[in-house]
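Everything below belongs to target03.cif, which stores mmCIF, C-alpha atoms.
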```
data_protein
#
loop_
_atom_site.label_atom_id
_atom_site.label_comp_id
_atom_site.auth_asym_id
_atom_site.auth_seq_id
_atom_site.Cartn_x
_atom_site.Cartn_y
_atom_site.Cartn_z
CA MET X 129 -2.17 -3.66 157.08
CA LYS X 130 0.24 -4.60 154.28
CA PRO X 131 0.42 -1.80 151.67
CA ALA X 132 -1.74 -3.02 148.80
CA SER X 133 -0.40 -0.66 146.17
CA SER X 134 3.36 -0.45 146.73
CA ARG X 135 4.04 -2.80 143.79
CA SER X 136 1.94 -0.63 141.48
CA ALA X 137 3.68 2.47 142.79
CA ARG X 138 7.07 0.90 142.05
CA ARG X 139 5.98 -0.04 138.53
CA LEU X 140 4.86 3.51 137.82
CA ALA X 141 8.06 4.88 139.30
CA ALA X 142 10.11 2.58 137.06
CA LYS X 143 8.26 3.85 134.00
CA SER X 144 8.68 7.51 134.92
CA GLY X 145 12.25 7.13 136.14
CA LYS X 146 11.53 8.56 139.60
CA ALA X 147 9.77 7.63 142.80
CA ILE X 148 6.27 8.95 143.43
CA THR X 149 6.28 11.59 146.15
CA LEU X 150 3.60 13.05 148.38
CA ALA X 151 3.89 16.22 146.33
CA ASP X 152 3.08 14.18 143.22
CA LEU X 153 0.02 12.78 144.99
CA GLY X 154 -1.04 16.28 145.99
CA ALA X 155 -0.83 17.42 142.37
CA ARG X 156 -2.86 14.41 141.26
CA VAL X 157 -5.55 15.16 143.84
CA GLU X 158 -5.77 18.76 142.69
CA LYS X 159 -6.15 17.74 139.03
CA ALA X 160 -8.55 14.85 139.64
CA ARG X 161 -12.14 15.07 138.43
CA PRO X 162 -14.20 12.38 140.18
CA LYS X 163 -17.48 11.41 138.52
CA GLY X 164 -20.84 12.38 139.94
CA LEU X 165 -19.73 15.14 142.31
CA ASN X 166 -20.70 18.78 142.00
CA PRO X 167 -17.93 21.42 142.22
CA THR X 168 -18.72 22.32 145.85
CA VAL X 169 -18.47 18.74 147.15
CA THR X 170 -15.40 18.10 144.98
CA ALA X 171 -13.63 21.18 146.36
CA ARG X 172 -14.43 20.15 149.93
CA ALA X 173 -13.13 16.62 149.36
CA LYS X 174 -9.95 18.02 147.86
CA ARG X 175 -9.37 20.29 150.87
CA ILE X 176 -9.85 17.39 153.28
CA LEU X 177 -7.60 15.03 151.31
CA ALA X 178 -4.94 17.74 150.85
CA SER X 179 -4.88 18.21 154.62
CA TYR X 180 -4.43 14.46 155.03
CA LEU X 181 -1.45 14.53 152.65
CA GLN X 182 0.08 17.48 154.49
CA THR X 183 -0.24 15.59 157.79
CA ALA X 184 1.34 12.50 156.23
CA ASP X 185 4.23 14.63 154.98
CA ALA X 186 4.69 16.24 158.41
CA HIS X 187 4.93 12.77 159.98
CA GLY X 188 7.34 11.51 157.34
CA LEU X 189 5.08 8.74 156.03
CA PRO X 190 6.34 7.03 152.85
CA ALA X 191 4.32 7.81 149.74
CA LYS X 192 3.80 4.09 149.05
CA ASP X 193 2.02 3.70 152.41
CA VAL X 194 -0.15 6.73 151.76
CA ILE X 195 -1.06 5.31 148.35
CA ALA X 196 -2.02 2.06 150.07
CA GLU X 197 -4.33 3.87 152.50
CA MET X 198 -5.93 5.87 149.71
CA ALA X 199 -6.42 2.78 147.53
CA SER X 200 -7.85 0.55 150.26
CA GLY X 201 -10.29 3.18 151.49
CA GLN X 202 -8.57 3.53 154.85
CA ALA X 203 -7.95 7.21 154.08
CA ALA X 204 -11.64 7.80 153.36
CA TRP X 205 -12.47 5.90 156.58
CA ARG X 206 -10.13 8.01 158.71
CA LEU X 207 -11.28 11.28 157.20
CA GLY X 208 -14.97 10.36 157.32
CA HIS X 209 -14.57 9.68 161.03
CA ALA X 210 -12.81 13.00 161.54
CA VAL X 211 -15.71 14.84 159.91
CA ARG X 212 -18.19 12.85 162.02
CA ASP X 213 -16.31 13.81 165.18
CA GLU X 214 -16.63 17.48 164.21
CA ILE X 215 -20.37 17.07 163.60
CA MET X 216 -20.82 15.46 167.00
CA LYS X 217 -19.24 18.41 168.78
CA ASN X 218 -22.43 20.30 168.01
CA PRO X 219 -24.88 17.53 167.05
CA PRO X 220 -27.79 18.37 164.74
CA GLU X 221 -31.38 17.92 165.89
CA ALA X 222 -31.66 14.56 164.09
CA VAL X 223 -28.89 13.16 166.28
CA ILE X 224 -30.43 14.54 169.46
CA GLN X 225 -33.84 13.12 168.54
CA ALA X 226 -32.55 9.78 167.20
CA ALA X 227 -34.84 6.83 167.95
CA CYS X 228 -32.15 4.23 167.29
CA LYS X 229 -31.60 1.56 169.93
CA GLU X 230 -29.93 -1.82 170.32
CA GLY X 231 -31.86 -4.64 168.67
CA CYS X 232 -34.09 -2.44 166.52
CA ALA X 233 -32.27 -3.50 163.32
CA PHE X 234 -34.87 -2.39 160.75
CA CYS X 235 -32.13 -0.24 159.20
CA CYS X 236 -30.21 -3.52 158.74
CA ILE X 237 -32.68 -4.82 156.16
CA LEU X 238 -30.75 -4.26 152.95
CA THR X 239 -33.07 -3.20 150.16
CA GLU X 240 -30.57 -1.36 147.94
CA GLY X 241 -29.14 -3.06 144.88
CA ASP X 242 -25.48 -2.45 145.77
CA GLY X 243 -25.84 -4.24 149.11
CA GLY X 244 -24.37 -1.29 150.98
CA LEU X 245 -21.17 0.11 149.44
CA ILE X 246 -18.00 -0.34 151.51
CA THR X 247 -14.27 -0.05 150.84
CA GLN X 248 -11.60 -2.76 150.79
CA PHE X 249 -10.42 -1.68 154.25
CA GLU X 250 -13.93 -2.05 155.63
CA ALA X 251 -14.46 -5.37 153.84
CA GLU X 252 -11.31 -6.79 155.41
CA GLN X 253 -12.30 -5.54 158.86
CA LEU X 254 -15.81 -6.96 158.45
CA HIS X 255 -14.49 -10.36 157.38
CA ALA X 256 -12.17 -10.56 160.38
CA ALA X 257 -14.98 -9.65 162.78
CA LEU X 258 -17.54 -12.08 161.33
CA ALA X 259 -15.29 -15.08 160.68
CA PRO X 260 -15.96 -16.55 164.17
CA ALA X 261 -19.69 -16.62 163.32
CA ALA X 262 -19.19 -18.88 160.29
CA GLY X 263 -21.84 -21.60 160.12
CA LYS X 264 -24.23 -19.97 162.58
CA PRO X 265 -27.72 -18.70 161.71
CA ASP X 266 -27.52 -15.07 160.60
CA GLY X 267 -29.76 -12.08 159.99
CA ARG X 268 -31.38 -13.68 156.97
CA SER X 269 -33.08 -16.13 159.35
CA TRP X 270 -34.90 -13.15 160.84
CA HIS X 271 -35.68 -11.35 157.56
CA LEU X 272 -35.02 -12.47 153.99
CA LYS X 273 -33.04 -9.28 153.29
CA GLY X 274 -31.57 -8.96 156.78
CA CYS X 275 -27.86 -8.17 157.01
CA PRO X 276 -25.90 -11.41 157.52
CA SER X 277 -23.94 -9.64 160.26
CA LEU X 278 -26.97 -9.81 162.58
CA ASP X 279 -27.64 -12.34 165.29
CA PRO X 280 -31.20 -13.41 164.31
CA GLU X 281 -32.27 -13.95 167.93
CA THR X 282 -31.10 -10.66 169.46
CA ARG X 283 -30.94 -8.58 166.24
CA LYS X 284 -27.60 -7.28 167.49
CA CYS X 285 -24.70 -6.78 165.10
CA ARG X 286 -21.99 -9.41 165.50
CA ALA X 287 -19.49 -7.04 163.88
CA TYR X 288 -20.53 -3.88 165.71
CA GLU X 289 -17.01 -2.61 166.43
CA ALA X 290 -16.03 -3.21 162.79
CA ARG X 291 -19.25 -1.96 161.22
CA PRO X 292 -18.73 0.08 158.04
CA MET X 293 -19.21 3.82 157.67
CA ILE X 294 -22.67 3.42 156.14
CA CYS X 295 -23.86 1.78 159.37
CA ARG X 296 -22.19 4.40 161.56
CA SER X 297 -23.71 7.26 159.54
CA PHE X 298 -27.32 6.06 159.44
CA LEU X 299 -29.87 7.28 161.96
CA SER X 300 -33.61 7.74 162.31
CA THR X 301 -35.95 9.86 164.37
CA ASP X 302 -38.81 7.38 163.88
CA ALA X 303 -38.19 3.66 164.45
CA SER X 304 -41.73 2.74 163.33
CA ALA X 305 -41.09 4.48 160.00
CA CYS X 306 -37.94 2.38 159.58
CA GLU X 307 -39.99 -0.77 160.08
CA ARG X 308 -42.51 0.29 157.45
CA ASN X 309 -39.77 1.35 155.05
CA ALA X 310 -38.12 -2.06 155.46
CA ASP X 311 -41.32 -3.51 154.02
CA GLY X 312 -41.24 -1.20 151.02
CA GLY X 313 -42.49 2.11 152.41
CA GLU X 314 -41.00 5.53 151.75
CA GLU X 315 -41.69 7.40 154.96
CA PRO X 316 -39.45 10.22 156.21
CA GLY X 317 -37.44 10.13 159.41
CA ALA X 318 -34.30 8.23 158.41
CA GLY X 319 -31.13 9.37 156.69
CA LEU X 320 -27.36 9.59 156.70
CA LEU X 321 -25.16 12.10 158.50
CA GLY X 322 -23.32 14.56 156.27
CA ASN X 323 -19.97 12.87 156.88
CA HIS X 324 -21.10 9.95 154.73
CA LEU X 325 -21.12 12.09 151.59
CA ASP X 326 -17.62 13.32 152.48
CA TYR X 327 -16.46 9.72 152.93
CA LEU X 328 -17.85 8.70 149.52
CA ALA X 329 -16.51 11.83 147.83
CA ILE X 330 -13.03 11.27 149.25
CA HIS X 331 -13.01 7.64 148.12
CA ALA X 332 -14.13 8.68 144.63
CA LEU X 333 -11.46 11.37 144.62
CA CYS X 334 -8.80 8.83 145.65
CA ARG X 335 -9.85 6.61 142.75
CA ALA X 336 -9.55 9.47 140.28
CA ALA X 337 -6.21 10.63 141.71
CA LEU X 338 -4.69 7.13 141.65
CA LYS X 339 -5.73 6.30 138.11
CA GLY X 340 -2.72 4.73 136.39
CA ILE X 341 -1.09 3.88 139.73
CA THR X 342 -3.43 1.32 141.27
CA MET X 343 -7.04 0.18 141.35
CA VAL X 344 -9.46 1.59 143.93
CA GLN X 345 -12.32 -0.83 144.53
CA SER X 346 -15.64 -0.88 146.33
CA TYR X 347 -17.54 -3.86 147.72
CA SER X 348 -21.02 -5.01 148.67
CA MET X 349 -21.38 -5.14 152.45
CA ALA X 350 -24.17 -7.73 152.13
CA ASP X 351 -22.06 -10.01 149.94
CA ILE X 352 -18.97 -9.68 152.13
CA ALA X 353 -20.98 -10.52 155.25
CA ALA X 354 -22.82 -13.40 153.55
CA HIS X 355 -19.71 -15.12 152.21
CA THR X 356 -17.91 -14.67 155.52
CA VAL X 357 -20.65 -16.30 157.62
CA GLU X 358 -20.82 -19.07 155.03
CA GLY X 359 -17.17 -19.85 155.80
CA ALA X 360 -15.28 -18.35 152.83
CA ASP X 361 -11.73 -17.13 153.38
CA GLN X 362 -10.86 -13.47 152.97
CA ALA X 363 -9.54 -13.68 149.40
CA THR X 364 -12.58 -15.60 148.18
CA THR X 365 -14.93 -13.26 150.04
CA LEU X 366 -13.39 -10.10 148.59
CA ALA X 367 -13.43 -11.53 145.06
CA ALA X 368 -17.11 -12.43 145.41
CA GLY X 369 -18.11 -9.10 146.96
CA LYS X 370 -16.28 -6.76 144.58
CA HIS X 371 -18.40 -4.15 142.81
CA ALA X 372 -18.16 -3.11 139.20
CA PRO X 373 -16.51 0.36 138.92
CA LYS X 374 -19.83 2.03 138.08
CA ALA X 375 -21.23 1.14 141.53
CA LEU X 376 -19.19 3.85 143.24
CA ASP X 377 -20.28 6.40 140.63
CA GLN X 378 -23.95 5.52 141.14
CA THR X 379 -23.68 5.56 144.93
CA VAL X 380 -22.01 8.97 144.84
CA GLN X 381 -24.77 10.28 142.57
CA ASP X 382 -27.46 8.89 144.87
CA ALA X 383 -25.78 10.48 147.89
CA MET X 384 -25.64 13.81 146.07
CA LYS X 385 -29.35 13.64 145.32
CA ALA X 386 -30.17 12.72 148.92
CA ALA X 387 -28.13 15.71 150.10
CA GLY X 388 -29.96 17.99 147.68
CA GLY X 389 -26.97 18.42 145.40
#
```

File written out as structure tokens:
Amino acid sequence: MKPASSRSARRLAAKSGKAITLADLGARVEKARPKGLNPTVTARAKRILASYLQTADAHGLPAKDVIAEMASGQAAWRLGHAVRDEIMKNPPEAVIQAACKEGCAFCCILTEGDGGLITQFEAEQLHAALAPAAGKPDGRSWHLKGCPSLDPETRKCRAYEARPMICRSFLSTDASACERNADGGEEPGAGLLGNHLDYLAIHALCRAALKGITMVQSYSMADIAAHTVEGADQATTLAAGKHAPKALDQTVQDAMKAAGG
């Protein structure tokens, strides 16, 4: 992926008279105060992101490329996956008892106002995966609020390998409860794995740490999928699916509440 923020990094370097280093990024992460996170979650996100920066330094990665990963959400994606892998080494009871199966898809009925928050990296991956389905009937033919990524006949995800973190983190121990909740119910049994809060916290932390260097955006999964299957190119799709900055703040706050924070 072409670094999205190298130009911004060069502009900032020109103003300050020196190139931005990984050490500079580390200092910014330590000072950052992302909105909506309690001190415990913030400290955890900082430890995870600091480890990422140390690994980047050990491998000699240029700071401009690290900035690009942080800005696009690829860093949050990588680190969210790493946390998920650790969880799966000793899976919680909810994972063991999960009722999820291919074609169920009631978790793919999008009832939230933000349309499912994803990063730029995920939006680009989703567009690439769904572009071949342009012009075909999509999940909205099955259910009015169905994810456009779905095949309406099989209820399978056409972008399964590129599905965003929110899809990978969701699970349920009661498929019938998911069906009732899709119709407006509020029954227990479904939720997100803990790595999803880490992923959101890291992305929010990246945004705070990169303030003044480059923009860190979030996008609506539903809008990205819809515009893609309607035939829009990537640039048009990303412009149409971009969230207002407050969307990430609200999603982080909602995730904190769901986690009991």

Practice task
Give as a PyMOL selection string the residues that the PyMOL selection byres ((chain X and resi 211-224) around 9) matches when applied to the coordinates above.
Solution key: chain X and resi 206-210+225-227+297+299-301+317-318+321-324+326-327

Practice task
Considering only C-alpha atoms, state which residue in the set X:Leu272, X:Val194, X:Ala262, X:Leu366 is at the smallest distance from Glu250 (chain X).
Solution key: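 Smallest distance to Glu250 (chain X) is found for X:Leu366.
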
Handout entry: Residue nearest Ala233 (chain X) - candidates X:Glu314, X:Asp185, X:Glu307, X:Asp377, atoms counted: all atoms listed in the file
Key =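 Using all atoms listed in the file, the shortest distance to Ala233 (chain X) belongs to X:Glu307.
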
Picked residues, the PyMOL selection byres ((chain X and resi 269) around 12), expected as an mmCIF file with C-alpha atoms, in the coordinates of the input:
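And here's out.cif as it stands now:
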```
data_model
loop_
_atom_site.group_PDB
_atom_site.id
_atom_site.type_symbol
_atom_site.label_atom_id
_atom_site.label_comp_id
_atom_site.auth_asym_id
_atom_site.auth_seq_id
_atom_site.Cartn_x
_atom_site.Cartn_y
_atom_site.Cartn_z
ATOM 1 C CA ILE X 237 -32.680 -4.820 156.160
ATOM 2 C CA LYS X 264 -24.230 -19.970 162.580
ATOM 3 C CA PRO X 265 -27.720 -18.700 161.710
ATOM 4 C CA ASP X 266 -27.520 -15.070 160.600
ATOM 5 C CA GLY X 267 -29.760 -12.080 159.990
ATOM 6 C CA ARG X 268 -31.380 -13.680 156.970
ATOM 7 C CA TRP X 270 -34.900 -13.150 160.840
ATOM 8 C CA HIS X 271 -35.680 -11.350 157.560
ATOM 9 C CA LEU X 272 -35.020 -12.470 153.990
ATOM 10 C CA LYS X 273 -33.040 -9.280 153.290
ATOM 11 C CA GLY X 274 -31.570 -8.960 156.780
ATOM 12 C CA CYS X 275 -27.860 -8.170 157.010
ATOM 13 C CA PRO X 276 -25.900 -11.410 157.520
ATOM 14 C CA SER X 277 -23.940 -9.640 160.260
ATOM 15 C CA LEU X 278 -26.970 -9.810 162.580
ATOM 16 C CA ASP X 279 -27.640 -12.340 165.290
ATOM 17 C CA PRO X 280 -31.200 -13.410 164.310
ATOM 18 C CA GLU X 281 -32.270 -13.950 167.930
ATOM 19 C CA THR X 282 -31.100 -10.660 169.460
ATOM 20 C CA ARG X 283 -30.940 -8.580 166.240
#
```

Practice task
State, in Å with one decimal place, the distance from CA of Asp242 (chain X) to CA of Met349 (chain X).
Solution key: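 We find that CA of Asp242 (chain X) and CA of Met349 (chain X) lie 8.3 Å from each other.
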